[in-house]
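The block underneath contains the structure these notes are about, expressed in structure tokens.
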Amino acid sequence: MRKSLSILGLAAALVLGKLGFGTDQKSYVASAQEKMSMMEVKIDNFTFGPATLTVTAGTTVTWTNKDDIPHTVVSTDGVFKSKVLDTDEKFTFTFSKAGNYPYFCSIHPKMTGKVIVQ
């Protein structure tokens, strides 16, 4: 009986630790913050969605081409530039400084978007 209680106690401690209630809380919070610092933009039907994205400094943005034709992601001020992205290919950039970052598709210049970094 005593052995089964200690096994249950150990299981409870492991579960509580995974939920952020035990000594593991700092790593749980850190991993949640890391997940929050990643954003996605979908390229589809000749549009960037969302067209305007507001993020905090340090955020990584990933553009994924879901269109059947190639596209690019190019900042108007030369801060970032993707290669030509075929269907389901991705481009990732981490925004380290606050500012406005307008961008476009160099193949289809009427396709535009903006990342606002606070």
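Residue names in the structure tokens use chain letters A, B, ... in the order shown, residue numbers from 1 in each chain, and ligand numbers from 1 in the order shown.
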
Would you pick out the contacts of Phe93 in chain A at 10 Å or less, using only C-alpha atoms, so that residues sharing its chain but fewer than 4 positions from it are not included, and give the list as an MDAnalysis selection string?
chainID A and resid 38 58:63 79:82

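Residue neighbourhood of Tyr103 in chain A, excluding near-sequence residues (fewer than 4 positions): Phe48, Ala51, Thr72, Val73, Val74, Ser75, Thr76, Asp77, Gly78, Val79, Phe80, Lys81, Pro109, Met111, Thr112, Gly113, Lys114 and Val115 of chain A, at 10 Å, using only C-alpha atoms.
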
Selection export as a short mmCIF file (atom, residue, chain, number, x, y, z; two decimals), in the first residue's frame, atoms kept: all heavy atoms:
data_model
loop_
_atom_site.label_atom_id
_atom_site.label_comp_id
_atom_site.auth_asym_id
_atom_site.auth_seq_id
_atom_site.Cartn_x
_atom_site.Cartn_y
_atom_site.Cartn_z
N PHE A 48 -1.35 38.32 -49.39
CA PHE A 48 -0.69 37.97 -48.14
C PHE A 48 -1.74 38.05 -47.04
O PHE A 48 -2.44 39.07 -46.93
CB PHE A 48 0.44 38.95 -47.83
CG PHE A 48 1.58 38.92 -48.80
CD1 PHE A 48 1.76 39.92 -49.73
CD2 PHE A 48 2.50 37.87 -48.77
CE1 PHE A 48 2.82 39.91 -50.61
CE2 PHE A 48 3.57 37.84 -49.66
CZ PHE A 48 3.73 38.86 -50.59
N ALA A 51 -2.76 40.85 -44.29
CA ALA A 51 -2.02 41.85 -45.07
C ALA A 51 -1.16 42.72 -44.17
O ALA A 51 -0.07 43.13 -44.56
CB ALA A 51 -3.00 42.72 -45.85
N THR A 72 7.31 35.71 -54.13
CA THR A 72 8.44 36.11 -53.29
C THR A 72 7.93 37.00 -52.17
O THR A 72 6.81 37.49 -52.22
CB THR A 72 9.52 36.88 -54.09
OG1 THR A 72 8.97 38.11 -54.54
CG2 THR A 72 10.07 36.06 -55.24
N VAL A 73 8.80 37.22 -51.18
CA VAL A 73 8.53 38.15 -50.09
C VAL A 73 9.75 39.06 -50.02
O VAL A 73 10.84 38.62 -49.66
CB VAL A 73 8.35 37.40 -48.75
CG1 VAL A 73 8.04 38.38 -47.63
CG2 VAL A 73 7.27 36.33 -48.87
N VAL A 74 9.56 40.35 -50.40
CA VAL A 74 10.69 41.28 -50.50
C VAL A 74 10.33 42.57 -49.77
O VAL A 74 9.33 43.21 -50.09
CB VAL A 74 11.02 41.60 -51.97
CG1 VAL A 74 12.18 42.57 -52.08
CG2 VAL A 74 11.30 40.33 -52.76
N SER A 75 11.15 42.97 -48.81
CA SER A 75 10.88 44.22 -48.11
C SER A 75 11.23 45.39 -49.02
O SER A 75 12.21 45.34 -49.77
CB SER A 75 11.64 44.27 -46.78
OG SER A 75 12.81 45.00 -46.86
N THR A 76 10.44 46.45 -48.95
CA THR A 76 10.66 47.60 -49.83
C THR A 76 11.95 48.34 -49.50
O THR A 76 12.50 49.03 -50.35
CB THR A 76 9.48 48.59 -49.77
OG1 THR A 76 9.30 49.01 -48.42
CG2 THR A 76 8.20 47.95 -50.29
N ASP A 77 12.46 48.18 -48.27
CA ASP A 77 13.69 48.87 -47.89
C ASP A 77 14.90 47.93 -47.82
O ASP A 77 15.94 48.29 -47.27
CB ASP A 77 13.51 49.63 -46.57
CG ASP A 77 13.01 48.74 -45.45
OD1 ASP A 77 12.86 47.51 -45.67
OD2 ASP A 77 12.76 49.25 -44.35
N GLY A 78 14.78 46.74 -48.37
CA GLY A 78 15.91 45.83 -48.49
C GLY A 78 16.31 45.09 -47.22
O GLY A 78 17.38 44.49 -47.17
N VAL A 79 15.46 45.08 -46.21
CA VAL A 79 15.78 44.40 -44.95
C VAL A 79 15.74 42.88 -45.11
O VAL A 79 16.56 42.17 -44.53
CB VAL A 79 14.82 44.85 -43.83
CG1 VAL A 79 15.04 44.05 -42.55
CG2 VAL A 79 15.00 46.33 -43.56
N PHE A 80 14.81 42.36 -45.90
CA PHE A 80 14.72 40.92 -46.13
C PHE A 80 14.27 40.65 -47.55
O PHE A 80 13.63 41.48 -48.19
CB PHE A 80 13.80 40.23 -45.11
CG PHE A 80 12.40 40.80 -45.05
CD1 PHE A 80 11.40 40.35 -45.90
CD2 PHE A 80 12.09 41.78 -44.13
CE1 PHE A 80 10.12 40.87 -45.83
CE2 PHE A 80 10.80 42.31 -44.04
CZ PHE A 80 9.82 41.85 -44.90
N LYS A 81 14.63 39.47 -48.05
CA LYS A 81 14.26 39.06 -49.40
C LYS A 81 14.28 37.54 -49.48
O LYS A 81 15.30 36.92 -49.20
CB LYS A 81 15.23 39.66 -50.41
CG LYS A 81 14.93 39.29 -51.86
CD LYS A 81 15.94 39.90 -52.80
CE LYS A 81 15.63 39.53 -54.23
NZ LYS A 81 16.59 40.11 -55.17
N PRO A 109 4.01 42.63 -58.24
CA PRO A 109 4.19 43.80 -57.37
C PRO A 109 2.92 44.39 -56.76
O PRO A 109 3.01 45.15 -55.80
CB PRO A 109 4.88 44.82 -58.28
CG PRO A 109 5.48 44.02 -59.38
CD PRO A 109 4.60 42.82 -59.56
N MET A 111 0.87 42.68 -55.15
CA MET A 111 0.71 41.94 -53.88
C MET A 111 1.58 42.64 -52.84
O MET A 111 2.79 42.67 -52.97
CB MET A 111 1.18 40.49 -54.02
CG MET A 111 0.32 39.61 -54.85
SD MET A 111 1.04 37.94 -55.02
CE MET A 111 1.20 37.42 -53.32
N THR A 112 0.94 43.19 -51.80
CA THR A 112 1.70 43.91 -50.77
C THR A 112 1.24 43.49 -49.38
O THR A 112 0.13 42.98 -49.19
CB THR A 112 1.53 45.43 -50.91
OG1 THR A 112 0.15 45.76 -50.75
CG2 THR A 112 2.03 45.92 -52.25
N GLY A 113 2.11 43.72 -48.43
CA GLY A 113 1.80 43.47 -47.02
C GLY A 113 2.69 44.34 -46.16
O GLY A 113 3.55 45.07 -46.65
N LYS A 114 2.45 44.27 -44.85
CA LYS A 114 3.26 45.07 -43.92
C LYS A 114 3.35 44.36 -42.59
O LYS A 114 2.37 43.80 -42.10
CB LYS A 114 2.62 46.44 -43.71
CG LYS A 114 3.46 47.34 -42.83
CD LYS A 114 2.79 48.60 -42.31
CE LYS A 114 2.06 49.42 -43.31
NZ LYS A 114 1.56 50.69 -42.76
N VAL A 115 4.56 44.40 -42.01
CA VAL A 115 4.77 43.94 -40.64
C VAL A 115 5.09 45.18 -39.80
O VAL A 115 5.99 45.94 -40.16
CB VAL A 115 5.91 42.89 -40.55
CG1 VAL A 115 6.15 42.50 -39.10
CG2 VAL A 115 5.59 41.67 -41.40
#

Which one of A:Gln118, A:Ser106, A:Asn100, A:Thr52 sits closest to His71 in chain A if you count only C-alpha atoms?
A:Ser106

For each of A:Thr47, A:Ser37, A:Thr56, A:Thr64, take the minimum atom-to-atom distance to Gly99 in chain A, counting only C-alpha atoms, then give the residue where this is smallest.
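Once distances to Gly99 in chain A are computed over only C-alpha atoms, the minimum belongs to A:Thr56.
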
Between A:Phe95, A:Leu53, A:Ile116, A:Leu85, which residue has the minimum interatomic distance to Val41 in chain A, considering only C-alpha atoms?
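Checking each candidate against Val41 in chain A, we get A:Leu53 as the closest.
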
Coordinates-based distance that separates CA of Asn65 in chain A from CA of Ser96 in chain A (Å, one decimal)
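Separating CA of Ser96 in chain A from CA of Asn65 in chain A is a distance of 23.5 Å.
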